[in-house]
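Enquirer: Next up, run_2.txt (compact mmCIF, C-alpha atoms and all ligand atoms).
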```txt
# COMPACT_ATOMS: atom_id res chain seq x y z
CA MET A 172 -132.16 132.77 333.60
CA ALA A 173 -133.44 132.20 337.12
CA GLY A 174 -134.67 135.41 338.73
CA ALA A 175 -134.46 137.50 335.56
CA GLY A 176 -138.16 138.45 335.38
CA ARG A 177 -139.00 142.15 335.69
CA GLY A 178 -142.54 141.13 336.58
CA HIS A 179 -144.95 143.78 335.36
CA GLY A 180 -148.27 141.98 335.71
CA ASN A 181 -151.42 143.35 334.13
CA GLY A 182 -153.18 145.05 337.03
CA ALA A 183 -156.61 144.68 335.44
CA THR A 184 -156.55 140.90 335.81
CA ASN A 185 -154.05 140.54 338.62
CA GLY A 186 -151.98 138.10 336.59
CA ARG A 187 -154.82 135.71 335.83
CA SER A 188 -156.93 135.17 332.74
CA PRO A 189 -159.97 137.43 332.94
CA ARG A 190 -163.13 135.83 334.33
CA TYR A 191 -166.53 137.09 333.30
CA SER A 192 -169.74 136.52 335.22
CA ALA A 193 -173.10 135.44 333.82
CA TRP A 194 -174.16 139.02 334.45
CA ASP A 195 -171.32 140.31 332.17
CA LEU A 196 -172.46 137.92 329.49
CA ALA A 197 -176.11 138.99 329.73
CA ARG A 198 -175.31 142.72 329.92
CA ARG A 199 -172.97 142.68 326.93
CA GLY A 200 -175.32 140.44 324.97
CA LEU A 201 -178.26 142.78 325.55
CA THR A 202 -176.51 146.13 325.23
CA GLY A 203 -174.04 145.27 322.48
CA GLU A 204 -171.22 146.62 324.68
CA ALA A 205 -167.87 145.51 323.22
CA TRP A 206 -165.80 142.85 324.98
CA PRO A 207 -162.33 143.91 326.05
CA PRO A 208 -159.67 142.57 323.68
CA ALA A 209 -158.34 139.17 324.71
CA TRP A 210 -154.79 140.42 324.20
CA ARG A 211 -153.55 143.97 323.83
CA LYS A 212 -151.46 145.96 321.35
CA HIS A 213 -148.24 147.56 322.55
CA GLU A 214 -145.44 149.75 321.35
CA LEU A 215 -142.39 147.55 320.77
CA ARG A 216 -139.95 148.26 323.60
CA PRO A 217 -136.17 148.46 322.97
CA SER A 218 -135.45 145.56 325.33
CA TYR A 219 -137.03 142.50 326.96
CA ASP A 220 -135.74 139.70 329.15
CA VAL A 221 -136.95 137.13 326.62
CA VAL A 222 -137.89 137.46 322.94
CA ILE A 223 -139.87 134.58 321.46
CA ILE A 224 -139.99 134.37 317.67
CA GLY A 225 -143.25 132.80 316.46
CA GLY A 226 -146.77 133.44 317.77
CA GLY A 227 -148.13 129.95 317.27
CA VAL A 228 -149.09 127.50 319.98
CA HIS A 229 -145.43 126.78 320.84
CA GLY A 230 -144.36 130.41 321.19
CA LEU A 231 -147.47 131.46 323.09
CA ALA A 232 -147.40 128.42 325.39
CA THR A 233 -143.73 129.08 326.17
CA ALA A 234 -144.56 132.70 327.02
CA HIS A 235 -147.56 131.65 329.09
CA TYR A 236 -145.62 129.11 331.17
CA LEU A 237 -142.62 131.46 331.59
CA ALA A 238 -145.03 133.89 333.24
CA ALA A 239 -147.37 131.45 334.98
CA ASN A 240 -144.81 128.91 336.25
CA HIS A 241 -141.67 131.02 336.67
CA GLY A 242 -142.82 134.63 337.13
CA ILE A 243 -140.86 135.77 334.04
CA THR A 244 -143.18 138.31 332.44
CA ASP A 245 -140.83 140.69 330.60
CA VAL A 246 -141.39 138.67 327.45
CA ALA A 247 -142.21 139.68 323.86
CA VAL A 248 -143.75 137.22 321.40
CA LEU A 249 -143.09 138.37 317.82
CA ASP A 250 -144.99 137.09 314.81
CA LYS A 251 -144.52 138.24 311.24
CA GLY A 252 -148.25 137.72 310.59
CA TYR A 253 -151.13 137.13 312.98
CA ILE A 254 -151.03 134.72 315.90
CA GLY A 255 -151.93 131.14 314.97
CA GLY A 256 -151.65 131.97 311.25
CA GLY A 257 -148.90 129.41 310.56
CA GLY A 258 -148.78 125.74 311.46
CA SER A 259 -151.08 126.27 314.46
CA GLY A 260 -153.95 127.28 312.19
CA ARG A 261 -153.23 124.81 309.38
CA ASN A 262 -153.00 121.47 311.15
CA THR A 263 -155.80 118.95 311.55
CA ALA A 264 -155.91 119.33 315.37
CA ILE A 265 -155.30 115.66 316.18
CA LEU A 266 -154.08 114.81 319.69
CA ARG A 267 -152.52 111.48 320.65
CA SER A 268 -149.52 110.03 322.44
CA ASN A 269 -149.20 106.55 320.85
CA TYR A 270 -145.65 107.04 319.58
CA LEU A 271 -142.95 104.45 319.05
CA THR A 272 -140.04 105.40 321.31
CA PRO A 273 -140.25 105.60 325.12
CA GLU A 274 -138.89 109.18 324.90
CA GLY A 275 -141.56 110.22 322.38
CA ILE A 276 -144.42 108.50 324.21
CA ALA A 277 -143.58 110.07 327.60
CA PHE A 278 -143.22 113.51 325.99
CA TYR A 279 -146.48 113.49 324.00
CA ASP A 280 -148.33 111.92 326.92
CA ARG A 281 -147.45 114.87 329.14
CA SER A 282 -148.89 117.08 326.39
CA LEU A 283 -152.16 115.13 326.41
CA GLU A 284 -152.28 115.49 330.19
CA LEU A 285 -151.85 119.26 329.89
CA TYR A 286 -154.44 119.39 327.09
CA ARG A 287 -156.94 117.56 329.31
CA GLY A 288 -156.69 120.29 331.95
CA LEU A 289 -156.19 123.20 329.56
CA ALA A 290 -159.73 124.59 329.50
CA ALA A 291 -159.69 124.85 333.31
CA ASP A 292 -156.10 126.16 333.42
CA LEU A 293 -156.72 128.89 330.87
CA ASN A 294 -160.37 129.48 331.78
CA PHE A 295 -161.13 129.17 328.07
CA ASN A 296 -163.09 126.47 326.26
CA VAL A 297 -160.61 124.70 323.99
CA MET A 298 -163.17 122.03 323.01
CA PHE A 299 -161.00 118.95 323.55
CA SER A 300 -162.99 115.94 322.35
CA GLN A 301 -161.31 112.76 323.59
CA ARG A 302 -162.94 110.36 321.14
CA GLY A 303 -160.21 107.82 320.45
CA HIS A 304 -157.63 107.47 317.68
CA MET A 305 -157.45 104.49 315.32
CA THR A 306 -154.55 103.65 312.98
CA LEU A 307 -155.48 101.02 310.41
CA ALA A 308 -153.19 98.20 309.30
CA HIS A 309 -153.71 96.98 305.73
CA ASN A 310 -150.73 94.62 305.59
CA ASP A 311 -148.59 92.40 307.82
CA ALA A 312 -145.76 94.93 308.09
CA SER A 313 -148.14 97.63 309.40
CA LEU A 314 -149.73 95.18 311.82
CA ARG A 315 -146.30 94.31 313.18
CA THR A 316 -145.52 98.03 313.75
CA MET A 317 -148.92 98.46 315.48
CA ARG A 318 -148.11 95.58 317.82
CA TRP A 319 -144.70 97.04 318.53
CA ARG A 320 -146.21 100.46 319.27
CA ALA A 321 -148.94 98.96 321.46
CA GLU A 322 -146.41 97.08 323.57
CA VAL A 323 -144.06 100.07 324.06
CA ASN A 324 -147.09 102.28 324.81
CA LYS A 325 -148.29 99.86 327.49
CA LEU A 326 -144.83 99.72 329.07
CA VAL A 327 -144.83 103.52 329.37
CA GLY A 328 -148.40 103.42 330.76
CA VAL A 329 -150.23 104.69 327.67
CA ASP A 330 -153.55 103.11 326.70
CA SER A 331 -153.09 101.46 323.26
CA GLU A 332 -153.99 98.02 321.91
CA VAL A 333 -154.28 96.20 318.62
CA ILE A 334 -157.90 95.42 317.70
CA ASP A 335 -159.35 93.18 314.97
CA PRO A 336 -161.57 94.19 311.99
CA ASP A 337 -164.81 93.34 313.85
CA GLU A 338 -163.90 95.78 316.59
CA VAL A 339 -162.96 98.36 313.95
CA ALA A 340 -166.42 97.94 312.41
CA LYS A 341 -168.11 98.44 315.79
CA LEU A 342 -166.21 101.69 316.37
CA VAL A 343 -166.65 102.97 312.78
CA PRO A 344 -169.74 101.36 311.21
CA ARG A 345 -169.19 103.19 307.87
CA MET A 346 -165.79 101.62 307.34
CA ASP A 347 -165.50 98.95 304.67
CA VAL A 348 -163.91 96.08 306.65
CA SER A 349 -164.82 93.38 304.10
CA SER A 350 -162.12 91.20 302.57
CA GLU A 351 -163.22 92.56 299.15
CA ALA A 352 -162.09 96.10 300.03
CA ARG A 353 -159.36 97.48 297.75
CA TYR A 354 -157.11 97.68 300.85
CA PRO A 355 -158.54 95.13 303.33
CA ILE A 356 -158.20 96.03 307.01
CA LEU A 357 -156.25 93.42 308.99
CA GLY A 358 -156.49 95.23 312.32
CA ALA A 359 -155.82 98.60 313.92
CA LEU A 360 -153.94 100.31 316.71
CA TRP A 361 -156.65 101.66 319.02
CA HIS A 362 -155.70 104.54 321.33
CA PRO A 363 -158.71 105.70 323.41
CA PRO A 364 -157.03 108.84 324.91
CA GLY A 365 -156.53 110.43 321.45
CA GLY A 366 -158.93 112.95 319.96
CA ILE A 367 -159.31 116.39 318.41
CA ILE A 368 -159.39 119.94 319.74
CA ARG A 369 -160.29 123.41 318.48
CA HIS A 370 -156.85 124.66 317.40
CA ASP A 371 -157.62 128.38 317.20
CA ALA A 372 -159.12 128.26 320.71
CA VAL A 373 -155.86 126.79 322.01
CA VAL A 374 -153.88 129.62 320.43
CA TRP A 375 -156.27 132.29 321.73
CA GLY A 376 -156.39 130.71 325.19
CA TYR A 377 -152.61 130.79 325.54
CA ALA A 378 -152.43 134.32 324.10
CA ARG A 379 -155.02 135.50 326.61
CA GLY A 380 -153.27 133.74 329.50
CA ALA A 381 -149.86 135.17 328.57
CA ASP A 382 -151.24 138.68 327.99
CA SER A 383 -153.02 138.76 331.32
CA ARG A 384 -149.67 138.07 333.05
CA GLY A 385 -147.87 140.92 331.30
CA VAL A 386 -146.40 139.21 328.22
CA GLN A 387 -146.47 141.45 325.14
CA ILE A 388 -147.74 139.93 321.88
CA HIS A 389 -146.56 141.75 318.77
CA GLN A 390 -148.25 140.72 315.54
CA ASN A 391 -147.03 141.91 312.12
CA THR A 392 -143.52 142.14 313.52
CA GLU A 393 -141.06 140.27 311.36
CA VAL A 394 -137.64 139.24 312.62
CA LEU A 395 -135.05 140.23 310.01
CA GLY A 396 -131.86 139.36 311.88
CA ILE A 397 -130.51 137.98 315.14
CA ASP A 398 -127.61 139.75 316.86
CA VAL A 399 -124.82 137.58 318.20
CA VAL A 400 -121.70 139.01 319.86
CA ALA A 401 -118.81 136.76 320.93
CA GLY A 402 -120.95 133.61 320.78
CA ARG A 403 -123.83 135.12 322.77
CA VAL A 404 -127.20 136.35 321.54
CA THR A 405 -127.84 140.04 322.27
CA GLY A 406 -131.11 140.76 320.50
CA VAL A 407 -133.07 140.80 317.26
CA GLN A 408 -133.59 143.18 314.35
CA THR A 409 -137.25 143.46 313.42
CA SER A 410 -139.41 145.23 310.85
CA ARG A 411 -140.31 147.62 313.71
CA GLY A 412 -136.79 148.26 314.95
CA ALA A 413 -134.05 146.68 317.05
CA VAL A 414 -134.79 144.87 320.30
CA SER A 415 -132.13 143.74 322.75
CA ALA A 416 -132.60 140.58 324.79
CA PRO A 417 -130.28 138.10 326.52
CA ILE A 418 -132.60 135.23 325.58
CA VAL A 419 -134.06 134.63 322.11
CA VAL A 420 -136.21 131.57 321.41
CA ASN A 421 -136.95 130.27 317.92
CA CYS A 422 -140.50 128.83 318.08
CA THR A 423 -141.24 129.02 314.37
CA ALA A 424 -142.55 126.35 312.03
CA GLY A 425 -141.89 126.47 308.32
CA TRP A 426 -139.12 129.05 308.71
CA SER A 427 -137.22 127.46 311.58
CA SER A 428 -134.03 126.79 309.62
CA LEU A 429 -134.03 130.32 308.14
CA ILE A 430 -134.46 131.93 311.58
CA SER A 431 -131.77 129.73 313.13
CA ASP A 432 -129.43 130.60 310.24
CA MET A 433 -129.75 134.26 311.34
CA ALA A 434 -128.01 133.28 314.58
CA GLY A 435 -125.45 131.17 312.70
CA VAL A 436 -126.95 127.89 313.95
CA GLU A 437 -127.54 125.28 311.26
CA MET A 438 -130.63 123.08 311.64
CA PRO A 439 -130.92 119.62 310.06
CA VAL A 440 -134.37 120.53 308.76
CA HIS A 441 -136.04 120.34 305.35
CA THR A 442 -139.40 122.00 304.81
CA PHE A 443 -142.27 120.29 303.00
CA PRO A 444 -145.92 121.31 302.52
CA LEU A 445 -148.67 119.12 303.94
CA GLN A 446 -152.12 119.46 302.41
CA ALA A 447 -155.49 119.07 304.10
CA ALA A 448 -159.15 119.62 303.22
CA VAL A 449 -162.57 119.96 304.82
CA THR A 450 -166.04 118.93 303.58
CA GLU A 451 -169.48 120.39 304.01
CA PRO A 452 -171.05 119.53 307.40
CA VAL A 453 -173.12 116.36 307.72
CA GLN A 454 -174.86 114.56 310.60
CA PRO A 455 -172.42 113.15 313.15
CA PHE A 456 -171.46 109.59 312.15
CA LEU A 457 -167.72 109.32 312.74
CA ASP A 458 -166.58 109.21 316.33
CA PRO A 459 -162.87 108.26 316.41
CA VAL A 460 -160.05 109.81 314.42
CA VAL A 461 -159.17 107.30 311.66
CA VAL A 462 -155.70 107.09 310.12
CA SER A 463 -154.42 104.90 307.30
CA GLY A 464 -150.68 105.04 306.80
CA THR A 465 -150.81 102.88 303.70
CA LEU A 466 -153.39 105.18 302.07
CA HIS A 467 -151.66 108.35 303.34
CA VAL A 468 -154.86 109.71 304.82
CA TYR A 469 -156.53 110.60 308.14
CA VAL A 470 -160.14 111.60 308.75
CA SER A 471 -162.02 113.11 311.67
CA GLN A 472 -165.42 114.74 312.06
CA THR A 473 -165.60 118.12 313.79
CA ASP A 474 -168.26 119.17 316.27
CA ARG A 475 -169.84 121.15 313.40
CA GLY A 476 -170.14 117.95 311.34
CA GLU A 477 -167.45 118.69 308.73
CA LEU A 478 -165.00 115.95 307.82
CA VAL A 479 -161.38 117.04 308.06
CA PHE A 480 -158.99 115.10 305.82
CA GLY A 481 -155.22 115.26 305.79
CA ALA A 482 -152.38 113.52 304.03
CA SER A 483 -148.67 112.97 304.45
CA VAL A 484 -146.24 115.64 303.29
CA ASP A 485 -145.89 116.46 299.59
CA PRO A 486 -143.01 114.54 297.97
CA PHE A 487 -140.89 117.65 297.33
CA ALA A 488 -139.45 120.39 299.55
CA SER A 489 -141.22 123.74 299.15
CA TYR A 490 -142.57 126.75 301.06
CA SER A 491 -145.87 126.76 299.14
CA THR A 492 -149.10 126.78 301.16
CA ARG A 493 -151.38 126.35 298.11
CA GLY A 494 -153.53 123.28 297.62
CA SER A 495 -153.31 121.24 294.40
CA LEU A 496 -155.90 119.38 292.30
CA GLU A 497 -153.60 116.38 292.05
CA PHE A 498 -153.55 116.09 295.83
CA ILE A 499 -157.28 116.44 296.30
CA GLU A 500 -158.04 113.78 293.67
CA GLY A 501 -155.71 111.31 295.37
CA LEU A 502 -157.02 112.12 298.83
CA ALA A 503 -160.68 111.80 297.83
CA GLY A 504 -159.96 108.45 296.17
CA HIS A 505 -158.30 107.12 299.31
CA VAL A 506 -161.09 108.31 301.61
CA LEU A 507 -163.63 106.53 299.38
CA GLN A 508 -161.58 103.34 299.49
CA LEU A 509 -162.06 103.39 303.28
CA MET A 510 -165.64 104.71 303.41
CA PRO A 511 -167.36 104.30 300.02
CA SER A 512 -170.64 105.74 301.32
CA LEU A 513 -169.11 109.24 301.45
CA HIS A 514 -169.13 109.55 297.65
CA ASN A 515 -171.70 112.38 297.54
CA LEU A 516 -169.96 114.60 300.07
CA ARG A 517 -168.75 117.97 298.77
CA LEU A 518 -165.37 119.43 299.65
CA LEU A 519 -165.46 123.04 300.88
CA ARG A 520 -161.82 124.03 301.24
CA GLN A 521 -158.27 122.78 300.97
CA TRP A 522 -155.05 124.30 302.24
CA ALA A 523 -151.46 123.47 303.11
CA GLY A 524 -149.16 123.99 306.08
CA LEU A 525 -145.38 123.84 306.25
CA CYS A 526 -143.64 120.95 307.99
CA ASP A 527 -140.04 121.19 309.14
CA MET A 528 -138.84 117.59 308.90
CA THR A 529 -135.77 116.35 310.79
CA PRO A 530 -133.85 113.15 309.91
CA ASP A 531 -135.39 111.14 312.80
CA TYR A 532 -138.93 112.62 312.77
CA SER A 533 -138.45 114.05 316.27
CA PRO A 534 -138.24 117.74 317.21
CA ILE A 535 -135.18 119.80 318.18
CA MET A 536 -135.52 121.49 321.56
CA GLY A 537 -133.32 123.33 324.03
CA PRO A 538 -130.13 125.40 324.00
CA THR A 539 -127.82 125.81 320.99
CA PRO A 540 -124.09 126.52 320.67
CA VAL A 541 -124.98 130.25 320.69
CA GLU A 542 -125.47 131.18 324.35
CA GLY A 543 -128.96 132.50 325.04
CA PHE A 544 -130.35 131.26 321.70
CA TYR A 545 -132.87 128.45 322.21
CA VAL A 546 -134.82 126.42 319.67
CA ASP A 547 -138.17 124.65 319.76
CA VAL A 548 -138.35 123.56 316.13
CA GLY A 549 -138.37 120.63 313.69
CA TRP A 550 -142.02 119.91 314.37
CA GLY A 551 -142.71 118.03 311.15
CA THR A 552 -146.32 116.87 311.12
CA TYR A 553 -146.68 116.56 314.91
CA GLY A 554 -146.19 120.06 316.32
CA PHE A 555 -149.68 121.06 317.33
CA LYS A 556 -150.22 118.14 319.69
CA ALA A 557 -146.94 119.01 321.45
CA GLY A 558 -147.75 122.69 322.08
CA PRO A 559 -148.48 122.53 325.82
CA VAL A 560 -145.62 120.23 326.82
CA SER A 561 -143.16 122.13 324.64
CA GLY A 562 -144.21 125.43 326.20
CA GLU A 563 -143.99 124.01 329.70
CA GLN A 564 -140.59 122.38 329.18
CA MET A 565 -139.01 125.21 327.17
CA ALA A 566 -140.11 127.66 329.86
CA ALA A 567 -138.47 125.47 332.52
CA CYS A 568 -135.31 125.16 330.41
CA ILE A 569 -135.04 128.95 329.97
CA ALA A 570 -135.97 129.80 333.55
CA THR A 571 -133.63 127.34 335.25
CA GLY A 572 -130.83 127.16 332.69
CA ALA A 573 -131.02 123.34 332.89
CA THR A 574 -132.53 121.09 330.22
CA PRO A 575 -135.50 119.14 331.67
CA GLU A 576 -135.36 115.35 331.41
CA LEU A 577 -138.44 115.17 329.19
CA ILE A 578 -136.81 117.18 326.38
CA ALA A 579 -133.16 116.18 326.86
CA PRO A 580 -133.45 113.42 324.18
CA PHE A 581 -134.44 116.07 321.60
CA ALA A 582 -131.27 118.18 321.91
CA LEU A 583 -129.66 119.53 318.73
CA SER A 584 -126.44 117.78 319.75
CA ARG A 585 -128.02 114.34 319.18
CA PHE A 586 -127.36 114.55 315.44
CA ALA A 587 -123.61 114.96 315.91
CA ALA A 588 -123.62 112.31 318.66
CA GLY A 589 -125.59 109.85 316.51
CA GLU A 590 -128.24 109.45 319.24
CA LEU A 591 -131.35 109.75 317.12
CA VAL A 592 -134.91 109.31 318.45
CA GLY A 593 -136.42 107.41 315.49
CA GLU A 594 -140.15 108.15 315.34
CA LYS A 595 -140.70 107.52 311.63
CA GLY A 596 -142.97 104.52 312.31
CA ALA A 597 -145.39 106.57 314.41
CA ALA A 598 -144.85 110.22 313.48
CA ALA A 599 -147.80 110.63 311.16
CA VAL A 600 -148.94 108.83 308.06
CA GLY A 601 -147.09 107.03 305.34
CA HIS A 602 -143.69 108.66 305.54
O1 LIG B 1 -149.08 112.90 313.99
O2 LIG B 1 -151.16 112.54 314.51
C1 LIG B 1 -150.29 113.00 313.77
C2 LIG B 1 -150.70 113.75 312.59
C3 LIG B 1 -151.95 113.98 312.18
C4 LIG B 1 -151.85 114.75 311.06
C5 LIG B 1 -150.55 114.96 310.79
N1 LIG B 1 -149.86 114.35 311.75
```
Would you write the structure of this file as structure tokens?
Expert:
Amino acid sequence: MAGAGRGHGNGATNGRSPRYSAWDLARRGLTGEAWPPAWRKHELRPSYDVVIIGGGVHGLATAHYLAANHGITDVAVLDKGYIGGGGSGRNTAILRSNYLTPEGIAFYDRSLELYRGLAADLNFNVMFSQRGHMTLAHNDASLRTMRWRAEVNKLVGVDSEVIDPDEVAKLVPRMDVSSEARYPILGALWHPPGGIIRHDAVVWGYARGADSRGVQIHQNTEVLGIDVVAGRVTGVQTSRGAVSAPIVVNCTAGWSSLISDMAGVEMPVHTFPLQAAVTEPVQPFLDPVVVSGTLHVYVSQTDRGELVFGASVDPFASYSTRGSLEFIEGLAGHVLQLMPSLHNLRLLRQWAGLCDMTPDYSPIMGPTPVEGFYVDVGWGTYGFKAGPVSGEQMAACIATGATPELIAPFALSRFAAGELVGEKGAAAVGH
């Protein structure tokens, strides 16, 4: 939709994220004067140039880049709850680009590049900690996949290599690398550019950036229907009334197939819960992110000292976001098989997020057979790390009307054409 922006920038910030001086900080700290809200509330207008469904990292990043890169600011982001309350607030905040296919590696690597510059771009501390990402191999088949991934990564220019158990022990001294371990470690895929980030800061940073450029963020605004006339989207029905728009973008996770159904577009997506947990904080001892596909577990230590654990998706489709005792018992057992010295650590919380799985473990991005209806969905267990690149590329796709090269392989049409982008071997853990 080149040239469609109505362009009503927020005068207070002149289209840039607000900057505060040391003086502001001191004055507000001493006087207790309230900070201005990072994003504002608005009446829902009857029409926008673009309506984005889903106020997670994907929806907000798309809105931000529409405004920042293409000057399209007449944009509403609608969320049925609060921003970042879905997958963006429930993931384990792992960033990496060591995928299996050249298409996947190039795509996720652009996301890492954007993440590296994000704090400066958004003028907001997103706490990216680039501490390395290690995927353990406990058997010959896993080691073979690690070698395969390392070689494809190198060809695409991504830093990944297979390391031996001694090197694993140097990087993670608490790991049991002995041959007596229940699941001995034969080697690992080591990916130095990987790391973790503060996921809520990423959401808030994008929300603040989009808001300052005139994008309207509407929380507690549920989409109940999508209007399509003669094969073209014309707007959405919401819990706060009807909104017309020539462009509607589905950026939801967990409900992506239900939202697409409203426009009459069927998604090859099944939704599964993925559970995670966090411990009490302890002294820093774990630098890299550690993943074991065989044990269905990944572990990282936050800047606050907590250990964040996650697993692969539950073995049955469901929309439940409740944790289960069965899961936590299995997860704790597997963590102890890797690092027996953690046996006294107490778990503080567990939760679940919803993962929209596609047949090839790659996302679905771009236009659909309904004109003006775009999707950025099917994010399985890998959506958070793709937020920036998805936002950037979806914004370009909408603004120019042409699908950018980086996301062309992820088109919905690939399923009918039989051109799958098989990422199962690198998508997450133990699928
Ligand atoms: O793909 O890195 C990943 C991941 C971590 C947790 C779930 N998926």
Enquirer: Which of these, A:Ala232, A:Trp550, A:Cys422, A:Thr392, has the shortest distance to A:Gln408 once you count all atoms listed in the file?
Expert: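 With all atoms listed in the file as the atom set, the closest residue is A:Thr392.
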Enquirer: Write out as an MDAnalysis selection string which residues come within 10 Å of A:Ala579 when counting only C-alpha atoms, dropping same-chain ones fewer than 2 positions away.
Expert: chainID A and resid 274 535:537 564 568 573:577 581:585
Enquirer: List as a PyMOL selection string the protein and nucleic acid residues lying within 7 Å of ligand LIG 1 (chain B), with all atoms listed in the file counted.
Expert: chain A and resi 262-263+265-267+469+481+483+552-553+598-600
Enquirer: Which residues are close to A:Thr423, i.e. within 7 Å by only C-alpha atoms, leaving aside same-chain residues fewer than 6 positions away? Reply as a list in words.
Expert: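 Contacts, in chain order: Ile224, Gly225 and Val548 of chain A.
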Enquirer: So that I can see what lies close to A:Val420, please list as a PyMOL selection string the residues with an atom at most 9 Å from it, counting only C-alpha atoms and leaving out residues fewer than 4 positions away in the same chain.
Expert: chain A and resi 221-225+230+543-547
Enquirer: So that I have them on file, write out the residues from the current selection with C-alpha atoms, as a PDB file, in the frame of the given file.
Expert:
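What follows is the written file part-v7.pdb:
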```pdb
ATOM      1  CA  VAL A 221    -136.950 137.130 326.620  1.00  0.00           C
ATOM      2  CA  VAL A 222    -137.890 137.460 322.940  1.00  0.00           C
ATOM      3  CA  ILE A 223    -139.870 134.580 321.460  1.00  0.00           C
ATOM      4  CA  ILE A 224    -139.990 134.370 317.670  1.00  0.00           C
ATOM      5  CA  GLY A 225    -143.250 132.800 316.460  1.00  0.00           C
ATOM      6  CA  GLY A 230    -144.360 130.410 321.190  1.00  0.00           C
ATOM      7  CA  GLY A 543    -128.960 132.500 325.040  1.00  0.00           C
ATOM      8  CA  PHE A 544    -130.350 131.260 321.700  1.00  0.00           C
ATOM      9  CA  TYR A 545    -132.870 128.450 322.210  1.00  0.00           C
ATOM     10  CA  VAL A 546    -134.820 126.420 319.670  1.00  0.00           C
ATOM     11  CA  ASP A 547    -138.170 124.650 319.760  1.00  0.00           C
TER      12      ASP A 547
END
```
Enquirer: Using all atoms listed in the file, find each residue in stretch 354-409 of chain A having at least one atom no more than 10 Å away from stretch 247-254 of chain A; report its shortest atom-to-atom pair and that distance in Å (one decimal), rows by chain then rising number, as JSON lines.
Expert:
```
{"residue": "A:Asp371", "atom": "CA", "partner": "A:Ile254", "partner_atom": "CA", "distance": 9.2}
{"residue": "A:Val374", "atom": "CA", "partner": "A:Ile254", "partner_atom": "CA", "distance": 7.4}
{"residue": "A:Trp375", "atom": "CA", "partner": "A:Ile254", "partner_atom": "CA", "distance": 8.2}
{"residue": "A:Ala378", "atom": "CA", "partner": "A:Ile254", "partner_atom": "CA", "distance": 8.3}
{"residue": "A:Ala381", "atom": "CA", "partner": "A:Val248", "partner_atom": "CA", "distance": 9.6}
{"residue": "A:Asp382", "atom": "CA", "partner": "A:Ala247", "partner_atom": "CA", "distance": 10.0}
{"residue": "A:Gly385", "atom": "CA", "partner": "A:Ala247", "partner_atom": "CA", "distance": 9.4}
{"residue": "A:Val386", "atom": "CA", "partner": "A:Ala247", "partner_atom": "CA", "distance": 6.1}
{"residue": "A:Gln387", "atom": "CA", "partner": "A:Ala247", "partner_atom": "CA", "distance": 4.8}
{"residue": "A:Ile388", "atom": "CA", "partner": "A:Val248", "partner_atom": "CA", "distance": 4.8}
{"residue": "A:His389", "atom": "CA", "partner": "A:Leu249", "partner_atom": "CA", "distance": 4.9}
{"residue": "A:Gln390", "atom": "CA", "partner": "A:Asp250", "partner_atom": "CA", "distance": 4.9}
{"residue": "A:Asn391", "atom": "CA", "partner": "A:Lys251", "partner_atom": "CA", "distance": 4.5}
{"residue": "A:Thr392", "atom": "CA", "partner": "A:Lys251", "partner_atom": "CA", "distance": 4.6}
{"residue": "A:Glu393", "atom": "CA", "partner": "A:Lys251", "partner_atom": "CA", "distance": 4.0}
{"residue": "A:Val394", "atom": "CA", "partner": "A:Lys251", "partner_atom": "CA", "distance": 7.1}
{"residue": "A:Leu395", "atom": "CA", "partner": "A:Lys251", "partner_atom": "CA", "distance": 9.8}
{"residue": "A:Thr409", "atom": "CA", "partner": "A:Leu249", "partner_atom": "CA", "distance": 8.9}
```
Enquirer: Work out how far apart atom CA of A:Arg403 and atom CA of A:Ile569 are and give it in Å to one decimal.
Expert: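 Atom CA of A:Ile569 lies 14.7 Å from atom CA of A:Arg403.
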Enquirer: Just give me the gap between atom CA of A:Phe299 and atom CA of A:Ile276 in Å, one decimal is fine.
Expert: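 These two atoms are separated by 19.6 Å.
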Enquirer: Counting all atoms listed in the file, which residue out of A:Gly227, A:Gly549, A:Gly366, A:Pro208 sits closest to A:Ser471?
Expert: A:Gly366
Enquirer: With only C-alpha atoms as the basis for distance, which of A:Ala238, A:Arg345, A:Phe295, A:Ala290 is at the shortest distance from A:Pro511?
Expert: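 Answer, going by the shortest atom-to-atom distance: A:Arg345.
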Enquirer: Tell me, as a ChimeraX atom specification, which residues lie within 6 Å of A:Val468, counting all atoms listed in the file; anything in the same chain fewer than 3 positions away does not count.
Expert: /A:462-463,481-482
Enquirer: Please identify all polymer residues within 9 Å of A:Ala359, counting only C-alpha atoms, omitting same-chain residues fewer than 5 positions from it, and present them as a PyMOL selection string.
Expert: chain A and resi 305-309+313-314+317+332-336+338-339
Enquirer: Determine the nearest neighbour of A:Phe480 from the options A:Val460, A:Ala321, A:Val592, A:Leu496, counting only C-alpha atoms.
Expert: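 Smallest distance to A:Phe480 is found for A:Val460.
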Enquirer: Given the choices A:Val461, A:Met565, A:Ala523, A:Leu201, which gets closest to A:Asn421 if the distance is worked out from all atoms listed in the file?
Expert: A:Met565
Enquirer: Restricting the calculation to all atoms listed in the file, which member of A:Gly494, A:Gly203, A:Gly380, A:Gly562 is positioned closest to A:Trp522?
Expert: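 Among A:Gly494, A:Gly203, A:Gly380, A:Gly562, it is A:Gly494 that comes nearest to A:Trp522.
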Enquirer: Can you work out the spacing between atom CA of A:Ser561 and atom CA of A:Ala587 in Å, to one decimal?
Expert: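 Result for atom CA of A:Ser561 versus atom CA of A:Ala587: 22.6 Å, one decimal.
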Enquirer: Please return, as a count of residues only, all polymer residues that have at least one atom within 9 Å of the point (-147.3, 101.4, 318.7); use all atoms listed in the file and the file's own coordinate frame.
Expert: 20
